[in-house]
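Asks: This is my_file-v7.cif, which holds mmCIF, C-alpha atoms:
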```cif
data_model
#
loop_
_atom_site.label_atom_id
_atom_site.label_comp_id
_atom_site.auth_asym_id
_atom_site.auth_seq_id
_atom_site.Cartn_x
_atom_site.Cartn_y
_atom_site.Cartn_z
CA MET A 145 -45.90 -10.94 29.89
CA ARG A 146 -45.09 -11.10 33.58
CA TRP A 147 -44.00 -7.46 33.69
CA LEU A 148 -47.48 -6.38 32.46
CA THR A 149 -49.08 -8.22 35.31
CA ARG A 150 -46.66 -6.75 37.87
CA ASP A 151 -47.17 -3.22 36.58
CA LYS A 152 -51.01 -3.54 36.70
CA LYS A 153 -50.93 -4.84 40.26
CA ASN A 154 -48.84 -1.97 41.64
CA ALA A 155 -50.57 0.81 39.73
CA ALA A 156 -53.03 3.18 41.46
CA LYS A 157 -56.64 2.74 40.42
CA PRO A 158 -57.36 5.38 37.76
CA GLY A 159 -60.57 7.19 37.23
CA LYS A 160 -62.76 6.59 34.25
CA THR A 161 -60.92 9.11 32.06
CA GLU A 162 -57.49 8.03 33.36
CA ARG A 163 -58.40 4.37 32.80
CA SER A 164 -59.12 4.91 29.12
CA ALA A 165 -55.88 6.83 28.72
CA ALA A 166 -53.94 4.11 30.54
CA ALA A 167 -55.46 1.51 28.26
CA ARG A 168 -53.90 3.30 25.29
CA LYS A 169 -50.44 3.43 26.90
CA ARG A 170 -48.01 0.52 26.85
CA PRO A 171 -46.78 -0.27 30.38
CA ILE A 172 -43.04 0.21 31.06
CA ARG A 173 -41.09 -1.65 33.71
CA ARG A 174 -39.73 0.37 36.60
CA GLY A 175 -36.12 -0.57 35.79
CA ALA A 176 -36.62 0.32 32.17
CA ARG A 177 -38.01 3.73 33.14
CA ARG A 178 -34.93 4.41 35.26
CA ALA A 179 -32.64 3.38 32.41
CA THR A 180 -34.58 5.50 29.97
CA ARG A 181 -34.44 8.53 32.26
CA GLY A 182 -30.70 7.96 32.81
CA ALA A 183 -29.97 7.61 29.11
CA ALA A 184 -32.04 10.68 28.32
CA ALA A 185 -30.22 12.68 30.97
CA ALA A 186 -26.84 11.58 29.59
CA ILE A 187 -27.81 12.50 26.04
CA VAL A 188 -29.15 15.91 27.11
CA LEU A 189 -26.02 16.62 29.14
CA SER A 190 -23.75 15.55 26.27
CA ALA A 191 -25.67 17.74 23.85
CA VAL A 192 -25.33 20.73 26.16
CA VAL A 193 -21.65 20.21 26.87
CA GLY A 194 -20.27 18.99 23.59
CA GLY A 195 -23.03 18.24 21.14
CA PRO A 196 -23.18 15.20 18.84
CA ALA A 197 -19.41 15.21 18.31
CA TRP A 198 -18.93 14.25 21.95
CA LEU A 199 -20.97 11.12 21.48
CA TRP A 200 -18.76 9.92 18.63
CA LYS A 201 -15.49 10.83 20.34
CA SER A 202 -16.53 9.15 23.57
CA GLY A 203 -16.94 5.86 21.72
CA LEU A 204 -20.42 5.40 23.14
CA VAL A 205 -22.07 5.18 19.73
CA ALA A 206 -19.40 2.83 18.42
CA GLU A 207 -19.77 0.61 21.48
CA ILE A 208 -23.53 0.46 21.10
CA MET A 209 -23.29 -0.25 17.38
CA GLY A 210 -20.64 -2.90 17.99
CA SER A 211 -22.79 -4.67 20.54
CA PHE A 212 -25.75 -4.47 18.19
CA ALA A 213 -23.73 -5.89 15.28
CA ALA A 214 -22.43 -8.74 17.44
CA SER A 215 -25.95 -9.54 18.55
CA VAL A 216 -27.21 -9.54 14.96
CA SER A 217 -24.29 -11.75 13.83
CA GLU A 218 -25.00 -14.27 16.57
CA SER A 219 -28.70 -14.29 15.78
CA LEU A 220 -28.02 -14.87 12.08
CA GLY A 221 -25.52 -17.55 13.09
CA ASP A 222 -28.31 -19.28 14.96
CA ALA A 223 -30.30 -19.05 11.74
CA GLY A 224 -27.58 -21.02 9.92
CA LEU A 225 -25.18 -18.29 8.69
CA ARG A 226 -22.02 -19.84 10.10
CA VAL A 227 -18.66 -20.67 8.51
CA ARG A 228 -18.72 -24.28 7.31
CA GLN A 229 -16.15 -24.13 4.51
CA ILE A 230 -13.09 -22.03 3.51
CA TYR A 231 -12.05 -22.09 -0.15
CA LEU A 232 -8.43 -21.26 -1.02
CA HIS A 233 -7.13 -20.23 -4.45
CA GLY A 234 -3.74 -19.19 -5.81
CA ARG A 235 -1.52 -20.96 -3.30
CA VAL A 236 1.66 -22.51 -4.70
CA ASN A 237 4.56 -22.11 -2.28
CA GLU A 238 2.98 -20.89 0.96
CA SER A 239 1.58 -23.80 2.98
CA ALA A 240 -2.16 -24.16 3.42
CA GLU A 241 -1.55 -24.67 7.15
CA SER A 242 0.17 -21.28 7.46
CA ILE A 243 -2.68 -19.56 5.65
CA ALA A 244 -5.29 -21.29 7.82
CA GLU A 245 -3.43 -20.24 10.95
CA ALA A 246 -3.19 -16.65 9.72
CA LEU A 247 -6.90 -16.55 8.91
CA SER A 248 -7.75 -17.72 12.45
CA ILE A 249 -11.36 -18.53 11.53
CA ASP A 250 -12.93 -21.44 13.40
CA ARG A 251 -15.55 -23.67 11.89
CA GLY A 252 -18.94 -22.57 13.15
CA THR A 253 -18.02 -18.91 13.57
CA PRO A 254 -20.94 -16.58 12.69
CA LEU A 255 -20.32 -15.58 9.07
CA LEU A 256 -20.98 -11.89 9.66
CA SER A 257 -18.63 -11.70 12.65
CA VAL A 258 -15.53 -12.52 10.57
CA ASP A 259 -13.32 -9.42 10.30
CA LEU A 260 -12.30 -9.64 6.66
CA LYS A 261 -9.88 -6.71 6.83
CA ARG A 262 -7.91 -8.12 9.75
CA ALA A 263 -7.89 -11.60 8.23
CA ARG A 264 -6.51 -10.22 4.96
CA SER A 265 -3.82 -8.27 6.82
CA ARG A 266 -2.69 -11.40 8.65
CA VAL A 267 -2.54 -13.45 5.44
CA GLU A 268 -0.59 -10.72 3.63
CA SER A 269 2.01 -10.76 6.43
CA LEU A 270 3.11 -14.25 5.32
CA ASN A 271 6.44 -14.33 3.48
CA TRP A 272 5.15 -15.75 0.20
CA VAL A 273 1.94 -13.73 -0.03
CA ARG A 274 2.06 -10.49 -1.99
CA ALA A 275 -1.69 -9.75 -1.84
CA ALA A 276 -4.86 -11.45 -0.66
CA ALA A 277 -8.60 -11.05 -1.24
CA ILE A 278 -11.08 -12.47 1.27
CA LYS A 279 -14.85 -12.40 0.96
CA ARG A 280 -17.96 -14.00 2.40
CA GLU A 281 -20.10 -16.35 0.35
CA PHE A 282 -23.54 -16.84 1.84
CA PRO A 283 -24.76 -18.83 3.53
CA SER A 284 -21.70 -20.59 4.97
CA ALA A 285 -18.35 -20.04 3.20
CA ILE A 286 -15.27 -17.82 3.14
CA ARG A 287 -13.32 -17.57 -0.13
CA VAL A 288 -9.61 -16.67 0.01
CA THR A 289 -7.57 -15.80 -3.08
CA VAL A 290 -3.83 -15.18 -2.69
CA SER A 291 -1.28 -13.77 -5.11
CA GLU A 292 2.17 -15.07 -4.27
CA ARG A 293 5.53 -13.42 -4.76
CA ARG A 294 7.47 -14.45 -7.86
CA PRO A 295 10.94 -15.88 -7.06
CA LEU A 296 13.53 -13.99 -9.09
CA ALA A 297 17.05 -14.56 -7.79
CA LEU A 298 19.21 -15.85 -4.97
CA TRP A 299 20.87 -13.00 -3.07
CA GLN A 300 24.28 -13.93 -1.67
CA ARG A 301 25.63 -12.12 1.39
CA GLY A 302 28.84 -13.73 2.58
CA THR A 303 28.06 -17.43 2.54
CA LYS A 304 24.30 -17.02 3.08
CA LEU A 305 21.74 -17.22 0.27
CA THR A 306 18.28 -15.66 0.41
CA LEU A 307 15.45 -15.92 -2.09
CA VAL A 308 14.17 -12.54 -3.34
CA ASP A 309 11.26 -11.60 -5.60
CA ASP A 310 10.96 -9.25 -8.57
CA GLU A 311 10.41 -6.28 -6.23
CA GLY A 312 13.59 -6.95 -4.27
CA VAL A 313 11.63 -8.28 -1.28
CA ILE A 314 13.18 -11.09 0.75
CA ILE A 315 10.98 -14.20 0.65
CA THR A 316 12.84 -16.90 2.56
CA ASP A 317 16.20 -18.52 3.25
CA ARG A 318 14.73 -22.03 3.60
CA GLY A 319 14.17 -24.78 1.07
CA LEU A 320 16.34 -23.11 -1.56
CA ASP A 321 17.36 -26.33 -3.32
CA ARG A 322 14.39 -26.17 -5.66
CA PHE A 323 15.46 -22.66 -6.75
CA ALA A 324 19.04 -23.61 -7.60
CA ASN A 325 18.46 -22.68 -11.23
CA LEU A 326 17.94 -19.00 -10.38
CA LEU A 327 20.63 -16.37 -10.88
CA VAL A 328 22.89 -15.65 -7.91
CA ILE A 329 23.32 -11.92 -7.29
CA VAL A 330 25.78 -10.13 -5.01
CA GLY A 331 25.78 -6.56 -3.70
CA ASP A 332 23.98 -4.46 -1.10
CA ASP A 333 21.42 -3.06 -3.56
CA ALA A 334 21.46 -6.04 -5.94
CA PRO A 335 17.88 -7.22 -5.19
CA MET A 336 16.40 -3.83 -6.12
CA HIS A 337 18.09 -3.91 -9.55
CA ALA A 338 17.92 -7.62 -10.34
CA GLN A 339 14.72 -7.33 -12.37
CA GLU A 340 16.32 -4.79 -14.68
CA LEU A 341 19.44 -6.93 -15.07
CA LEU A 342 17.43 -10.03 -15.95
CA ALA A 343 15.49 -8.07 -18.54
CA THR A 344 18.81 -7.12 -20.13
CA LEU A 345 20.23 -10.64 -20.04
CA SER A 346 17.06 -12.23 -21.41
CA ALA A 347 17.42 -10.14 -24.59
CA GLU A 348 20.02 -12.76 -25.60
CA PRO A 349 18.60 -16.07 -24.29
CA VAL A 350 21.45 -18.31 -25.51
CA LEU A 351 24.04 -16.15 -23.81
CA MET A 352 21.89 -15.80 -20.70
CA ASP A 353 21.86 -19.59 -20.24
CA ARG A 354 25.60 -19.37 -19.64
CA VAL A 355 25.40 -16.75 -16.89
CA ASP A 356 26.43 -18.11 -13.51
CA ALA A 357 26.19 -15.05 -11.23
CA ALA A 358 26.15 -11.25 -11.23
CA VAL A 359 27.90 -8.79 -8.93
CA ARG A 360 26.61 -5.25 -8.40
CA ILE A 361 29.53 -2.81 -8.56
CA GLY A 362 29.44 0.56 -6.78
CA GLN A 363 25.63 0.62 -6.87
CA ARG A 364 25.97 1.64 -10.52
CA ARG A 365 26.56 -1.35 -12.81
CA TRP A 366 27.07 -5.11 -13.05
CA ASN A 367 29.86 -7.60 -13.54
CA VAL A 368 28.45 -10.84 -14.94
CA ARG A 369 30.24 -14.14 -14.33
CA MET A 370 29.86 -16.72 -17.07
CA ASP A 371 29.79 -20.48 -16.52
CA ASN A 372 33.46 -20.80 -17.59
CA GLY A 373 34.60 -18.26 -14.97
CA VAL A 374 34.96 -15.29 -17.36
CA PHE A 375 33.79 -11.97 -15.91
CA VAL A 376 31.95 -9.64 -18.29
CA ARG A 377 32.07 -6.01 -17.18
CA LEU A 378 28.88 -4.29 -18.32
CA PRO A 379 28.67 -0.49 -18.58
CA GLU A 380 26.54 1.71 -16.33
CA LYS A 381 24.58 3.00 -19.33
CA ASN A 382 23.24 1.00 -22.27
CA ALA A 383 24.07 -2.35 -20.69
CA GLU A 384 21.67 -4.05 -23.10
CA GLY A 385 23.55 -2.71 -26.11
CA ALA A 386 26.82 -4.05 -24.69
CA TRP A 387 25.18 -7.42 -24.03
CA HIS A 388 23.98 -7.61 -27.64
CA ARG A 389 27.52 -6.84 -28.80
CA LEU A 390 28.93 -9.66 -26.68
CA ALA A 391 26.37 -12.07 -28.12
CA TRP A 392 27.38 -11.09 -31.65
CA LEU A 393 31.08 -11.56 -30.84
CA GLU A 394 30.36 -14.98 -29.41
CA ARG A 395 28.38 -16.06 -32.46
CA GLU A 396 30.90 -14.71 -34.96
CA HIS A 397 34.22 -15.35 -33.20
CA GLY A 398 33.53 -17.75 -30.30
CA LEU A 399 34.90 -15.19 -27.85
CA LEU A 400 34.00 -17.17 -24.74
CA LYS A 401 35.91 -20.18 -26.08
CA GLN A 402 39.15 -18.24 -25.74
CA ASP A 403 41.38 -18.55 -22.66
CA LEU A 404 40.11 -15.34 -21.05
CA LEU A 405 39.77 -13.99 -17.51
CA SER A 406 37.59 -10.98 -18.28
CA ILE A 407 35.83 -9.06 -21.04
CA ASP A 408 35.41 -5.33 -20.53
CA LEU A 409 32.49 -3.76 -22.43
CA ARG A 410 32.32 -0.49 -20.52
CA ILE A 411 33.70 1.65 -23.33
CA PRO A 412 31.41 1.84 -26.39
CA ASP A 413 32.89 0.37 -29.61
CA GLN A 414 35.89 -0.98 -27.70
CA LEU A 415 36.67 -4.44 -26.37
CA ILE A 416 39.26 -4.98 -23.64
CA VAL A 417 40.11 -8.55 -22.69
CA ARG A 418 42.45 -10.12 -20.19
CA THR A 419 43.84 -13.58 -20.83
CA ARG A 420 44.75 -16.16 -18.24
CA ALA A 421 48.28 -16.48 -19.66
CA GLU A 422 48.91 -12.78 -19.02
CA HIS A 423 47.71 -12.99 -15.40
CA PRO A 424 48.62 -16.34 -13.84
CA ALA A 425 47.98 -15.01 -10.31
CA LEU A 426 44.48 -13.90 -11.27
CA GLU A 427 43.89 -17.26 -12.89
CA ARG A 428 44.93 -19.08 -9.73
CA ARG A 429 42.66 -16.94 -7.55
CA ALA A 430 39.80 -17.49 -10.01
CA ARG A 431 40.26 -21.27 -9.73
CA GLU A 432 40.37 -21.07 -5.94
CA ARG A 433 37.24 -18.91 -5.85
CA LYS A 434 35.38 -21.26 -8.17
CA GLY A 435 36.39 -24.20 -5.99
CA LYS A 436 34.96 -22.49 -2.91
CA ASP A 437 31.73 -21.62 -4.71
CA THR A 438 31.17 -25.22 -5.73
#
```
So, in terms of C-alpha cells, how does the structure I just supplied come out?
Replies:
Amino acid sequence: MRWLTRDKKNAAKPGKTERSAAARKRPIRRGARRATRGAAAAIVLSAVVGGPAWLWKSGLVAEIMGSFAASVSESLGDAGLRVRQIYLHGRVNESAESIAEALSIDRGTPLLSVDLKRARSRVESLNWVRAAAIKREFPSAIRVTVSERRPLALWQRGTKLTLVDDEGVIITDRGLDRFANLLVIVGDDAPMHAQELLATLSAEPVLMDRVDAAVRIGQRRWNVRMDNGVFVRLPEKNAEGAWHRLAWLEREHGLLKQDLLSIDLRIPDQLIVRTRAEHPALERRARERKGKDT
C-alpha cells in the first residue's frame, strides 16, 4: 500500500467536489501512468498503420502471452503442479536412458511448462521409436507411451549388416547377434520389398524355415537361397504361386534333396534345374561363397 500513501502525499488538495470524485478513483502510480500512456500510444499507432494484423505479425501479442503463460506455470508449480514422476510404456529395445535424455524433463519442472510437442518430436527421433504419445497427468506426472519399430530383416551391403523394419527403415547396425534368426536380404531396394517377400515365403512355413537369404534382382524379383545352397529363382509376377509349386514339388518328390545348384521357377508350368555335376565350376564357387558367408 506504499504507493497509495506516496500518491496522496504528492497530490494537490482538491476542492469539496473534486475530493469526492478523487475518493471514487483508484490511485495510479506515476510510472504505471507513463507505461499505460506509452502502451496506449503504441496500440493506437499500430492500429493506424497496420491494424490488428500488425500486432500479431510483430510477435508482440505472442511475447506477452508467452510471458503470461510462463508466469502462470510457475505460479501453479509453486502450488504443487510440478513433475515428480515420468511413466514409460511400450519400451522393448530402445533404452530407458535414451528416452529420458530425449525427453529432457527435469524433476521439479512446472507441469504446465513442459512442451509436449517438442518432447514427442525428440523421442520419435530415436532409432527404435516409430511413434510416441506424451501427456500430462495432474497433479505431478508425465506419461510416455512409445511404439517401437518391428525388426524384419538384416540388410547386407558388402560385408556390413543393418537391421531394418517392416517399412524398410534402417534401425541400427549394433547388437545384431540377437537378430541372427532374421532373413538376410541383399539389393539396393531390398528393404522396401522385404515385407512383401516375407508374406510370400510365410505362405509355406515349412519351406520358409529352410530359407537362408534372398537377393533382389534388377529391382524386379527375388532369388532365394536355401539352407543347402540351392538358389530358387522366383518370377517377377505371381511369386507366391511359384513358391506354392516349389513346396508341392518338395513334398511329393523331395526336390531339394537332389544334388542341385538352382531351381528356376520364372516360367509358369515349367521347371528348369541345374545340377552340380553339370556345372563343377559353379559348384566350386558356391562352396567358396558359402565358406565366406559362414
Asks: Fewer than 2 positions away in the same chain doesn't count, so skip those; otherwise give me all residues within 10 Å of range 298-305 of chain A, counting all atoms listed in the file, as a list in words.
Replies: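 The filter keeps Pro295, Leu296, Leu307, Val308, Asp309, Gly312, Ile314, Thr316, Asp317, Arg318, Leu320, Phe323, Ala324, Asn325, Leu326, Leu327, Val328, Ile329, Val330, Gly331, Asp332, Asp333, Ala334, Pro335, Ala338, Ala357, Ala358, Val359 and Asp437 of chain A.
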Asks: For CA of Thr289 in chain A and CA of Ala240 in chain A, determine how far apart the two atoms are, in Å to one decimal place.
Replies: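 Here the two named atoms are 11.9 Å from each other.
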Asks: Measuring between all atoms listed in the file, which one of A:Arg251, A:Arg294, A:Arg287, A:Arg360 shows the shortest distance to Arg264 in chain A?
Replies: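 Going through A:Arg251, A:Arg294, A:Arg287, A:Arg360 one by one, the smallest distance to Arg264 in chain A is for A:Arg287.
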Asks: With a distance cut-off of 9 Å and only C-alpha atoms, select the neighbouring residues of Met336 in chain A, excluding the residue or stretch itself and same-chain residues fewer than 3 positions from it, and output the selection as an MDAnalysis selection string.
Replies: chainID A and resid 310:313 333 339:340
Asks: Would you mind telling me which residue in A:Ala246, A:Val267, A:Ile230, A:Met370 lies nearest to Glu281 in chain A when using only C-alpha atoms?
Replies: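 Of A:Ala246, A:Val267, A:Ile230, A:Met370, the one nearest Glu281 in chain A is A:Ile230, counting only C-alpha atoms.
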Asks: Given the file shown, determine the residues that the PyMOL selection byres ((chain A and resi 291) around 9) selects; report them as a ChimeraX atom specification.
Replies: /A:233-235,272-277,289-290,292-293
